[in-house]
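Participant: This one is coords-v3.txt, compact mmCIF, C-alpha atoms and all ligand atoms.
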# COMPACT_ATOMS: atom_id res chain seq x y z
CA MET A 208 25.72 -9.61 -17.46
CA ARG A 209 22.52 -8.08 -18.60
CA ILE A 210 19.37 -10.09 -18.17
CA LEU A 211 16.13 -9.36 -19.87
CA TYR A 212 13.01 -11.30 -19.32
CA ILE A 213 9.87 -11.60 -21.28
CA ASN A 214 6.52 -10.58 -19.99
CA ASN A 215 3.30 -9.34 -21.42
CA ALA A 216 4.71 -5.88 -21.85
CA GLY A 217 8.18 -7.10 -22.64
CA ILE A 218 7.32 -8.85 -25.85
CA ALA A 219 7.76 -5.49 -27.53
CA SER A 220 11.35 -5.36 -26.43
CA LEU A 221 11.93 -8.73 -28.06
CA ILE A 222 10.69 -7.41 -31.35
CA LEU A 223 12.58 -4.15 -31.16
CA ARG A 224 15.81 -5.53 -29.79
CA PRO A 225 17.12 -7.10 -33.04
CA LEU A 226 17.00 -3.70 -34.75
CA THR A 227 19.59 -2.40 -32.33
CA TRP A 228 21.78 -5.47 -32.30
CA HIS A 229 23.61 -4.50 -35.46
CA SER A 230 24.76 -1.18 -34.10
CA ALA A 231 25.56 -2.67 -30.74
CA ALA A 232 27.04 -5.88 -32.06
CA ARG A 233 30.50 -5.21 -30.83
CA ARG A 234 29.32 -4.90 -27.27
CA ILE A 235 26.45 -7.29 -27.03
CA LEU A 236 26.59 -10.95 -27.69
CA LEU A 237 23.34 -12.76 -27.90
CA SER A 238 24.03 -15.84 -25.92
CA ALA A 239 20.84 -17.76 -26.06
CA ILE A 240 17.18 -17.31 -26.68
CA PHE A 241 14.65 -19.76 -25.42
CA PHE A 242 11.03 -19.46 -26.31
CA SER A 243 8.89 -21.97 -24.57
CA SER A 244 5.42 -20.70 -23.97
CA PHE A 245 3.86 -17.41 -23.10
CA ALA A 246 0.57 -19.09 -22.28
CA GLY A 247 1.29 -19.15 -18.57
CA LEU A 248 1.96 -15.45 -18.33
CA SER A 249 -1.59 -14.27 -18.00
CA ALA A 250 -2.59 -10.76 -17.08
CA ALA A 251 -3.62 -11.95 -13.62
CA ASN A 252 -0.37 -13.66 -12.84
CA TRP A 253 -0.11 -12.59 -9.20
CA GLN A 254 2.14 -14.47 -6.79
CA LEU A 255 1.75 -14.19 -3.03
CA VAL A 256 4.94 -12.53 -1.71
CA TRP A 257 3.99 -11.43 1.82
CA SER A 258 1.10 -12.12 4.15
CA ASP A 259 -0.07 -12.17 7.71
CA GLU A 260 -3.08 -14.33 8.51
CA PHE A 261 -2.91 -13.40 12.22
CA GLU A 262 -3.01 -16.95 13.53
CA THR A 263 -0.99 -16.64 16.74
CA ASP A 264 -2.77 -14.95 19.64
CA GLY A 265 -1.02 -12.16 21.53
CA TYR A 266 1.38 -9.57 20.22
CA PRO A 267 1.40 -9.08 16.45
CA ASP A 268 4.38 -10.73 14.70
CA PRO A 269 7.41 -8.48 15.36
CA ASP A 270 9.06 -9.76 12.18
CA LYS A 271 6.25 -8.15 10.18
CA TRP A 272 5.03 -5.17 12.20
CA SER A 273 6.41 -2.12 13.96
CA TYR A 274 4.54 0.71 15.65
CA ASP A 275 4.37 4.45 15.26
CA LEU A 276 4.03 5.65 18.84
CA GLY A 277 2.71 8.66 20.73
CA THR A 278 1.21 11.81 19.27
CA GLY A 279 3.61 12.32 16.40
CA GLN A 280 5.63 14.80 18.44
CA SER A 281 8.69 12.57 18.19
CA VAL A 282 8.67 13.03 14.42
CA GLY A 283 7.74 16.72 14.59
CA LEU A 284 4.09 16.17 13.68
CA VAL A 285 1.92 16.65 16.77
CA GLY A 286 -1.47 15.14 15.93
CA TRP A 287 0.24 13.25 13.08
CA GLY A 288 -0.16 16.21 10.76
CA ASN A 289 -3.95 16.13 11.03
CA ASN A 290 -4.68 17.38 14.57
CA GLU A 291 -5.58 13.83 15.55
CA ALA A 292 -6.59 13.30 19.18
CA GLN A 293 -5.19 9.84 19.95
CA TYR A 294 -2.00 8.62 21.57
CA TYR A 295 -0.60 5.52 19.85
CA THR A 296 0.83 2.68 21.91
CA ASP A 297 2.20 -0.81 21.35
CA ARG A 298 0.24 -2.33 24.22
CA LEU A 299 -1.99 -5.36 23.82
CA GLU A 300 -4.91 -3.14 24.81
CA ASN A 301 -4.47 -1.27 21.52
CA ALA A 302 -3.10 -3.98 19.18
CA ARG A 303 -3.33 -7.71 19.54
CA VAL A 304 -4.04 -10.92 17.64
CA GLU A 305 -7.13 -12.75 18.78
CA ASP A 306 -9.03 -15.63 17.19
CA GLY A 307 -7.27 -15.34 13.86
CA ARG A 308 -7.63 -11.58 13.60
CA LEU A 309 -5.59 -8.49 14.27
CA ILE A 310 -7.52 -6.20 16.58
CA ILE A 311 -6.67 -2.50 16.65
CA GLU A 312 -8.62 -0.95 19.51
CA ALA A 313 -9.26 2.74 20.11
CA ARG A 314 -10.03 3.50 23.75
CA LYS A 315 -11.20 6.50 25.72
CA GLU A 316 -8.26 6.61 28.07
CA ALA A 317 -5.97 9.48 28.99
CA MET A 318 -2.32 9.17 28.01
CA GLY A 319 0.17 11.96 27.63
CA ASN A 320 -1.94 14.96 26.75
CA SER A 321 -4.38 12.83 24.80
CA ALA A 322 -7.82 11.60 25.87
CA TYR A 323 -7.72 8.49 23.67
CA THR A 324 -5.35 5.64 22.90
CA SER A 325 -5.08 3.61 19.73
CA ALA A 326 -2.47 1.87 17.55
CA ARG A 327 -0.77 2.57 14.24
CA MET A 328 0.98 -0.49 12.87
CA VAL A 329 3.49 -0.30 10.05
CA THR A 330 5.37 -2.82 7.93
CA ARG A 331 8.17 -0.29 7.31
CA GLU A 332 11.48 -2.07 6.55
CA LYS A 333 9.67 -5.37 7.17
CA GLY A 334 7.25 -5.37 4.26
CA ASP A 335 8.09 -2.85 1.55
CA TRP A 336 6.98 -3.26 -2.01
CA LEU A 337 7.24 -1.62 -5.39
CA TYR A 338 4.06 -2.54 -7.29
CA GLY A 339 1.70 -5.31 -6.38
CA ARG A 340 -1.78 -6.20 -5.28
CA ILE A 341 -2.18 -5.27 -1.63
CA GLU A 342 -5.25 -6.87 -0.11
CA VAL A 343 -6.61 -6.37 3.42
CA ARG A 344 -9.75 -8.07 4.69
CA ALA A 345 -11.11 -5.98 7.49
CA MET A 346 -14.09 -4.72 9.49
CA MET A 347 -14.20 -1.07 10.47
CA PRO A 348 -15.00 0.64 13.75
CA ALA A 349 -18.25 2.63 14.02
CA GLY A 350 -19.18 5.98 15.46
CA VAL A 351 -18.58 9.69 15.08
CA GLY A 352 -14.93 10.59 15.55
CA THR A 353 -13.39 7.34 14.28
CA TRP A 354 -11.05 7.54 11.29
CA PRO A 355 -9.62 4.12 10.43
CA ALA A 356 -7.24 3.78 7.52
CA ILE A 357 -5.43 1.16 5.48
CA TRP A 358 -2.77 3.07 3.58
CA MET A 359 0.79 3.28 2.33
CA LEU A 360 3.68 5.67 2.67
CA PRO A 361 7.04 5.68 0.91
CA THR A 362 9.81 3.92 2.81
CA ASP A 363 12.73 5.96 1.50
CA TRP A 364 11.18 9.41 0.78
CA GLU A 365 13.48 9.73 -2.24
CA TYR A 366 11.43 12.54 -3.79
CA GLY A 367 11.29 14.50 -0.50
CA GLY A 368 8.95 14.91 2.45
CA TRP A 369 5.19 14.61 2.32
CA PRO A 370 3.56 14.83 -0.13
CA ALA A 371 6.46 14.85 -2.60
CA SER A 372 7.21 11.13 -2.27
CA GLY A 373 3.52 10.22 -2.39
CA GLU A 374 0.84 8.55 -0.32
CA ILE A 375 -1.54 5.79 -1.36
CA ASP A 376 -4.70 5.43 0.72
CA ILE A 377 -6.08 1.97 0.07
CA MET A 378 -9.11 2.80 2.16
CA GLU A 379 -10.23 5.45 4.60
CA HIS A 380 -13.51 5.72 6.44
CA VAL A 381 -14.82 8.45 8.72
CA GLY A 382 -17.40 7.55 11.34
CA PHE A 383 -19.68 10.55 10.72
CA ASN A 384 -20.30 9.18 7.23
CA MET A 385 -20.75 5.49 7.87
CA GLY A 386 -20.44 3.22 4.85
CA THR A 387 -18.60 5.55 2.48
CA VAL A 388 -15.14 4.16 1.73
CA HIS A 389 -12.51 6.36 0.10
CA GLY A 390 -9.42 5.51 -1.96
CA THR A 391 -7.02 8.39 -2.62
CA ILE A 392 -3.51 9.36 -3.73
CA HIS A 393 -1.50 12.37 -2.63
CA THR A 394 1.51 13.80 -4.47
CA ASN A 395 3.13 17.21 -4.91
CA SER A 396 0.71 18.07 -7.72
CA PHE A 397 -2.29 16.20 -6.34
CA ASN A 398 -3.04 16.69 -2.65
CA HIS A 399 -5.83 17.87 -0.42
CA MET A 400 -3.92 20.95 0.79
CA ILE A 401 -4.34 22.51 -2.64
CA GLY A 402 -7.64 20.79 -3.37
CA THR A 403 -6.26 18.57 -6.10
CA ASP A 404 -6.06 15.16 -4.42
CA ARG A 405 -7.30 12.38 -6.65
CA GLY A 406 -9.56 9.64 -5.36
CA GLY A 407 -12.82 7.78 -5.52
CA SER A 408 -15.38 6.48 -3.08
CA ILE A 409 -17.87 3.66 -2.86
CA GLN A 410 -20.77 2.75 -0.56
CA VAL A 411 -20.12 -0.42 1.44
CA ASP A 412 -22.96 -2.14 3.28
CA GLN A 413 -22.18 -3.37 6.78
CA VAL A 414 -18.80 -1.69 6.79
CA ALA A 415 -18.54 -2.11 10.57
CA THR A 416 -20.43 -5.37 11.03
CA ALA A 417 -18.99 -7.55 8.26
CA PHE A 418 -15.59 -8.17 6.71
CA HIS A 419 -14.81 -6.70 3.33
CA THR A 420 -11.72 -6.98 1.16
CA TYR A 421 -10.01 -3.66 0.47
CA ALA A 422 -7.37 -3.79 -2.24
CA ILE A 423 -5.29 -1.87 -4.69
CA GLU A 424 -3.54 -3.13 -7.77
CA TRP A 425 -0.49 -0.95 -8.24
CA GLU A 426 1.35 -1.28 -11.51
CA PRO A 427 4.03 0.76 -13.26
CA ASP A 428 1.41 2.69 -15.22
CA THR A 429 -1.71 2.68 -13.04
CA ILE A 430 -3.24 2.12 -9.63
CA ARG A 431 -6.73 0.59 -9.26
CA TRP A 432 -8.87 0.48 -6.09
CA TYR A 433 -11.27 -2.33 -5.18
CA VAL A 434 -13.74 -3.29 -2.49
CA ASP A 435 -14.68 -6.96 -2.61
CA ASP A 436 -13.12 -7.10 -6.07
CA GLN A 437 -15.35 -4.31 -7.37
CA GLU A 438 -13.16 -1.62 -8.93
CA TYR A 439 -14.28 1.90 -8.01
CA PHE A 440 -11.34 4.15 -8.88
CA GLU A 441 -8.28 4.17 -11.10
CA PHE A 442 -5.37 6.59 -11.23
CA PRO A 443 -3.49 6.04 -14.48
CA ARG A 444 -0.06 7.43 -15.09
CA GLN A 445 -0.17 9.96 -17.91
CA PRO A 446 2.74 10.15 -20.35
CA HIS A 447 3.79 13.64 -19.20
CA TYR A 448 3.80 12.72 -15.50
CA GLY A 449 7.01 13.15 -13.56
CA PRO A 450 7.62 12.55 -9.85
CA ASP A 451 5.40 15.51 -8.88
CA GLU A 452 2.44 13.63 -10.32
CA TRP A 453 3.65 10.04 -10.13
CA PRO A 454 6.16 9.32 -7.34
CA PHE A 455 4.80 5.78 -7.27
CA ASP A 456 7.94 4.14 -8.67
CA ARG A 457 9.63 3.62 -5.32
CA ARG A 458 8.91 1.12 -2.55
CA PHE A 459 6.06 1.78 -0.13
CA HIS A 460 4.99 0.07 3.10
CA LEU A 461 1.61 -0.61 4.67
CA ILE A 462 0.01 1.21 7.62
CA LEU A 463 -3.05 0.12 9.61
CA ASN A 464 -4.45 2.52 12.18
CA ILE A 465 -7.48 4.05 13.84
CA ALA A 466 -7.15 7.78 14.28
CA ILE A 467 -9.59 9.60 16.55
CA GLY A 468 -10.84 13.05 15.65
CA GLY A 469 -8.51 15.07 13.47
CA ASN A 470 -9.08 17.43 10.57
CA TRP A 471 -11.29 14.96 8.76
CA GLY A 472 -12.39 12.33 11.26
CA GLY A 473 -13.25 14.98 13.83
CA GLN A 474 -15.23 17.30 11.57
CA GLN A 475 -18.41 16.47 13.49
CA GLY A 476 -16.75 15.99 16.86
CA ILE A 477 -16.01 12.82 18.79
CA ASP A 478 -18.80 10.80 20.38
CA ASP A 479 -17.32 9.65 23.67
CA SER A 480 -20.11 7.10 24.16
CA ILE A 481 -18.82 4.83 21.36
CA PHE A 482 -15.60 3.55 22.96
CA PRO A 483 -13.92 1.17 22.78
CA GLN A 484 -13.98 0.75 19.01
CA THR A 485 -12.03 -1.79 16.97
CA MET A 486 -10.79 -2.39 13.47
CA GLU A 487 -10.46 -6.13 12.93
CA VAL A 488 -8.22 -7.51 10.21
CA GLU A 489 -8.67 -11.07 9.02
CA TYR A 490 -5.56 -11.00 6.84
CA VAL A 491 -3.10 -8.93 4.84
CA ARG A 492 -1.95 -10.47 1.58
CA VAL A 493 0.48 -8.91 -0.87
CA TYR A 494 0.84 -10.26 -4.38
CA GLN A 495 3.25 -9.26 -7.09
CA ARG A 496 3.41 -10.15 -10.71
CA ASP A 497 6.32 -12.34 -11.68
CA GLU A 498 8.19 -9.44 -13.22
CA ASP A 499 7.78 -7.33 -10.08
CA ALA A 500 8.82 -10.12 -7.74
CA GLY A 501 12.14 -10.83 -9.45
CA GLY A 502 11.38 -12.41 -12.78
CA PRO A 503 9.21 -15.13 -14.21
CA GLN A 504 9.23 -18.62 -12.83
CA ILE A 505 9.25 -20.10 -16.34
CA PRO A 506 12.89 -20.73 -17.28
CA GLY A 507 12.13 -20.71 -20.98
CA ALA A 508 10.95 -17.14 -20.78
CA TRP A 509 14.40 -15.75 -20.08
CA ILE A 510 16.76 -14.26 -22.61
CA TYR A 511 20.38 -13.82 -21.69
CA PHE A 512 22.53 -11.07 -23.11
CA LEU A 513 26.24 -10.93 -22.46
CA ASN A 514 28.01 -7.63 -22.42
CA THR A 515 31.43 -8.09 -23.90
CA PRO A 516 34.18 -5.57 -23.12
CA LYS A 517 34.55 -2.67 -25.46
CA VAL A 518 37.57 -3.18 -27.72
CA ASP A 519 38.16 0.45 -28.63
CA CA A 601 -6.96 -14.59 9.88
For the file at hand, write its structure as structure tokens.

Facilitator:
Amino acid sequence: MRILYINNAGIASLILRPLTWHSAARRILLSAIFFSSFAGLSAANWQLVWSDEFETDGYPDPDKWSYDLGTGQSVGLVGWGNNEAQYYTDRLENARVEDGRLIIEARKEAMGNSAYTSARMVTREKGDWLYGRIEVRAMMPAGVGTWPAIWMLPTDWEYGGWPASGEIDIMEHVGFNMGTVHGTIHTNSFNHMIGTDRGGSIQVDQVATAFHTYAIEWEPDTIRWYVDDQEYFEFPRQPHYGPDEWPFDRRFHLILNIAIGGNWGGQQGIDDSIFPQTMEVEYVRVYQRDEDAGGPQIPGAWIYFLNTPKVD
């Protein structure tokens, strides 16, 4: 059975569909059409599909979070591809829930061959989404050498290794440039290695002393970046884009981390007097539109088509 549903964009398919019915009449039987109301399908029709409010003290919820550990050596990327200086752990010292918040703490502390520890938490295979509004309310660490990020990587790498399958940076901040928040995408055609990465930035007051809401709205034809609901960058999908430009039609997961040093965060060194430093996260909330989350909740907005067997 083939099921179509109506949405803001899908109204066009309703209008066009009858034109093709005649030629396809032998195969397609229109079973029923119900039009109730489109009034409820507003452009801002986001439904909460995943969240962590961080309400239970101690270890972060293992049903929602995993950890990338060590220096990246285990995945063939010492320094996590950026010459980063930290060693990631899953200890409470580096990641814990406290007073309703997730705390990621970077410490000056030797481990392995690293002089710093930190945490990199991922929702991989536990929270993976194709399209949606991803919203993280957080307070950044401060000081030269810190490089916190709220970002997304592809879960299945279907277009190939980085950057072919894409990267979406919801926010990045480097401590030598306090208050400037960056939102960026990386793809085969657009990435910093060839100087073509696409992104925007915005000044945020009290980035390390107050909570702000960092969000993207990722749709089939565009991605928009927000701080406290102020849009500061948009990356629209152009008609000629293929996967080299727009690999953002596969599921991605969320990553929260503080890197120390590295190609960007370490450009002005690391100030060892700043540690420990924390990124605090009040909540993560992921919304999807009805059509992204499995169809509209309004029964009358469904059309059913039956595919009948071919007779010839
Ligand atoms: Ca909370």

Participant: Could you give me, as CSV, a per-residue list for chain A showing, wherever an atom lies at most 12 Å from an atom of ligand CA 601 (chain A), the closest pair of atoms and their distance in Å to one decimal, using all atoms listed in the file and sorting by chain then residue number from low to high?

Facilitator:
residue,atom,partner,partner_atom,distance
A:Ser258,CA,A:CA601,CA,10.2
A:Asp259,CA,A:CA601,CA,7.6
A:Glu260,CA,A:CA601,CA,4.1
A:Phe261,CA,A:CA601,CA,4.8
A:Glu262,CA,A:CA601,CA,5.9
A:Thr263,CA,A:CA601,CA,9.3
A:Asp264,CA,A:CA601,CA,10.6
A:Pro267,CA,A:CA601,CA,12.0
A:Val304,CA,A:CA601,CA,9.1
A:Glu305,CA,A:CA601,CA,9.1
A:Asp306,CA,A:CA601,CA,7.7
A:Gly307,CA,A:CA601,CA,4.1
A:Arg308,CA,A:CA601,CA,4.8
A:Leu309,CA,A:CA601,CA,7.6
A:Ile310,CA,A:CA601,CA,10.8
A:Val343,CA,A:CA601,CA,10.5
A:Arg344,CA,A:CA601,CA,8.8
A:Ala345,CA,A:CA601,CA,9.9
A:Phe418,CA,A:CA601,CA,11.2
A:Glu487,CA,A:CA601,CA,9.7
A:Val488,CA,A:CA601,CA,7.2
A:Glu489,CA,A:CA601,CA,4.0
A:Tyr490,CA,A:CA601,CA,4.9
A:Val491,CA,A:CA601,CA,8.5
A:Arg492,CA,A:CA601,CA,10.5

Participant: Please report the interatomic distance between CA of Ile375 (chain A) and CA of His447 (chain A) in Å with one decimal.

Facilitator: 20.2 Å

Participant: Compile the contact shell of region 450-466 of chain A as a ChimeraX atom specification: residues with an atom at most 8 Å away, counting only C-alpha atoms, same-chain residues fewer than 5 positions apart removed.

Facilitator: /A:291-293,311-313,325-332,334-338,353-363,365-366,371-373,394-397,427,444,472,486

Participant: Report, in Å to a single decimal, how far apart CA of Gly367 (chain A) and CA of Asp499 (chain A) are.

Facilitator: 24.1 Å

Participant: Neighbouring residues of Asp428 (chain A) were defined as those with any atom within 9 Å, considering all atoms listed in the file; residues of the same chain fewer than 3 positions away were excluded. Please report them as an MDAnalysis selection string.

Facilitator: chainID A and resid 425 442:445

Participant: Contacts of region 378-381 of chain A at 9 Å or less, counting all atoms listed in the file, minus same-chain residues fewer than 5 places along, as number ranges by chain?

Facilitator: A: 347, 349-358, 386-391, 408, 421-422, 432, 434, 471-473

Participant: Measure the distance from CA of Thr420 (chain A) to CA of Tyr266 (chain A) in Å and round it to one decimal.

Facilitator: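 CA of Thr420 (chain A) sits 23.3 Å away from CA of Tyr266 (chain A).
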
Participant: Pick the closest to Met346 (chain A) from A:Tyr448, A:Gly277, A:Gln413, A:Arg431: which is it, counting all atoms listed in the file?

Facilitator: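 When distances to Met346 (chain A) are compared using all atoms listed in the file, the smallest one comes from A:Gln413.
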
Participant: Which is closest to Val493 (chain A) among A:Glu300, A:Asp268, A:Asp275, A:Glu424, if we use all atoms listed in the file?

Facilitator: A:Glu424

Participant: Of the candidates A:Gly288, A:Pro348, A:Gly339, A:Gly283, which one gets nearest to Pro483 (chain A) if we count only C-alpha atoms?

Facilitator: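 Using only C-alpha atoms, the shortest distance to Pro483 (chain A) belongs to A:Pro348.
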
Participant: Generate the missing atoms of region 389-410 of chain A up to N, CA and C atoms and report them as a PDB file, in the coordinates of the input.

Facilitator:
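Contents of the output file out_25.pdb:
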ATOM      1  N   HIS A 389     -13.261   5.488   1.006  1.00  0.00           N
ATOM      2  CA  HIS A 389     -12.510   6.360   0.100  1.00  0.00           C
ATOM      3  C   HIS A 389     -11.154   5.751  -0.245  1.00  0.00           C
ATOM      4  N   GLY A 390     -10.766   5.861  -1.512  1.00  0.00           N
ATOM      5  CA  GLY A 390      -9.420   5.510  -1.960  1.00  0.00           C
ATOM      6  C   GLY A 390      -8.807   6.741  -2.611  1.00  0.00           C
ATOM      7  N   THR A 391      -7.576   7.086  -2.245  1.00  0.00           N
ATOM      8  CA  THR A 391      -7.020   8.390  -2.620  1.00  0.00           C
ATOM      9  C   THR A 391      -5.512   8.301  -2.822  1.00  0.00           C
ATOM     10  N   ILE A 392      -4.960   9.158  -3.680  1.00  0.00           N
ATOM     11  CA  ILE A 392      -3.510   9.360  -3.730  1.00  0.00           C
ATOM     12  C   ILE A 392      -3.195  10.821  -3.414  1.00  0.00           C
ATOM     13  N   HIS A 393      -2.004  11.017  -2.867  1.00  0.00           N
ATOM     14  CA  HIS A 393      -1.500  12.370  -2.630  1.00  0.00           C
ATOM     15  C   HIS A 393      -0.084  12.445  -3.209  1.00  0.00           C
ATOM     16  N   THR A 394       0.173  13.543  -3.919  1.00  0.00           N
ATOM     17  CA  THR A 394       1.510  13.800  -4.470  1.00  0.00           C
ATOM     18  C   THR A 394       1.745  15.307  -4.393  1.00  0.00           C
ATOM     19  N   ASN A 395       2.884  15.760  -4.881  1.00  0.00           N
ATOM     20  CA  ASN A 395       3.130  17.210  -4.910  1.00  0.00           C
ATOM     21  C   ASN A 395       2.044  17.941  -5.700  1.00  0.00           C
ATOM     22  N   SER A 396       1.687  17.392  -6.860  1.00  0.00           N
ATOM     23  CA  SER A 396       0.710  18.070  -7.720  1.00  0.00           C
ATOM     24  C   SER A 396      -0.726  17.781  -7.325  1.00  0.00           C
ATOM     25  N   PHE A 397      -0.926  16.621  -6.683  1.00  0.00           N
ATOM     26  CA  PHE A 397      -2.290  16.200  -6.340  1.00  0.00           C
ATOM     27  C   PHE A 397      -2.359  15.956  -4.837  1.00  0.00           C
ATOM     28  N   ASN A 398      -2.867  16.941  -4.088  1.00  0.00           N
ATOM     29  CA  ASN A 398      -3.040  16.690  -2.650  1.00  0.00           C
ATOM     30  C   ASN A 398      -4.122  17.594  -2.099  1.00  0.00           C
ATOM     31  N   HIS A 399      -4.640  17.194  -0.947  1.00  0.00           N
ATOM     32  CA  HIS A 399      -5.830  17.870  -0.420  1.00  0.00           C
ATOM     33  C   HIS A 399      -5.521  19.294   0.049  1.00  0.00           C
ATOM     34  N   MET A 400      -4.230  19.599   0.315  1.00  0.00           N
ATOM     35  CA  MET A 400      -3.920  20.950   0.790  1.00  0.00           C
ATOM     36  C   MET A 400      -4.178  21.992  -0.282  1.00  0.00           C
ATOM     37  N   ILE A 401      -4.067  21.577  -1.549  1.00  0.00           N
ATOM     38  CA  ILE A 401      -4.340  22.510  -2.640  1.00  0.00           C
ATOM     39  C   ILE A 401      -5.591  22.085  -3.420  1.00  0.00           C
ATOM     40  N   GLY A 402      -6.355  21.170  -2.805  1.00  0.00           N
ATOM     41  CA  GLY A 402      -7.640  20.790  -3.370  1.00  0.00           C
ATOM     42  C   GLY A 402      -7.564  19.970  -4.640  1.00  0.00           C
ATOM     43  N   THR A 403      -6.427  19.313  -4.832  1.00  0.00           N
ATOM     44  CA  THR A 403      -6.260  18.570  -6.100  1.00  0.00           C
ATOM     45  C   THR A 403      -6.065  17.075  -5.882  1.00  0.00           C
ATOM     46  N   ASP A 404      -6.274  16.591  -4.650  1.00  0.00           N
ATOM     47  CA  ASP A 404      -6.060  15.160  -4.420  1.00  0.00           C
ATOM     48  C   ASP A 404      -7.000  14.361  -5.319  1.00  0.00           C
ATOM     49  N   ARG A 405      -6.537  13.207  -5.723  1.00  0.00           N
ATOM     50  CA  ARG A 405      -7.300  12.380  -6.650  1.00  0.00           C
ATOM     51  C   ARG A 405      -7.767  11.129  -5.918  1.00  0.00           C
ATOM     52  N   GLY A 406      -9.062  10.822  -6.042  1.00  0.00           N
ATOM     53  CA  GLY A 406      -9.560   9.640  -5.360  1.00  0.00           C
ATOM     54  C   GLY A 406     -10.965   9.303  -5.803  1.00  0.00           C
ATOM     55  N   GLY A 407     -11.459   8.202  -5.257  1.00  0.00           N
ATOM     56  CA  GLY A 407     -12.820   7.780  -5.520  1.00  0.00           C
ATOM     57  C   GLY A 407     -13.430   7.271  -4.235  1.00  0.00           C
ATOM     58  N   SER A 408     -14.729   7.039  -4.266  1.00  0.00           N
ATOM     59  CA  SER A 408     -15.380   6.480  -3.080  1.00  0.00           C
ATOM     60  C   SER A 408     -16.473   5.521  -3.510  1.00  0.00           C
ATOM     61  N   ILE A 409     -16.880   4.687  -2.562  1.00  0.00           N
ATOM     62  CA  ILE A 409     -17.870   3.660  -2.860  1.00  0.00           C
ATOM     63  C   ILE A 409     -18.662   3.401  -1.582  1.00  0.00           C
ATOM     64  N   GLN A 410     -19.949   3.103  -1.726  1.00  0.00           N
ATOM     65  CA  GLN A 410     -20.770   2.750  -0.560  1.00  0.00           C
ATOM     66  C   GLN A 410     -20.592   1.262  -0.246  1.00  0.00           C
TER      67      GLN A 410
END
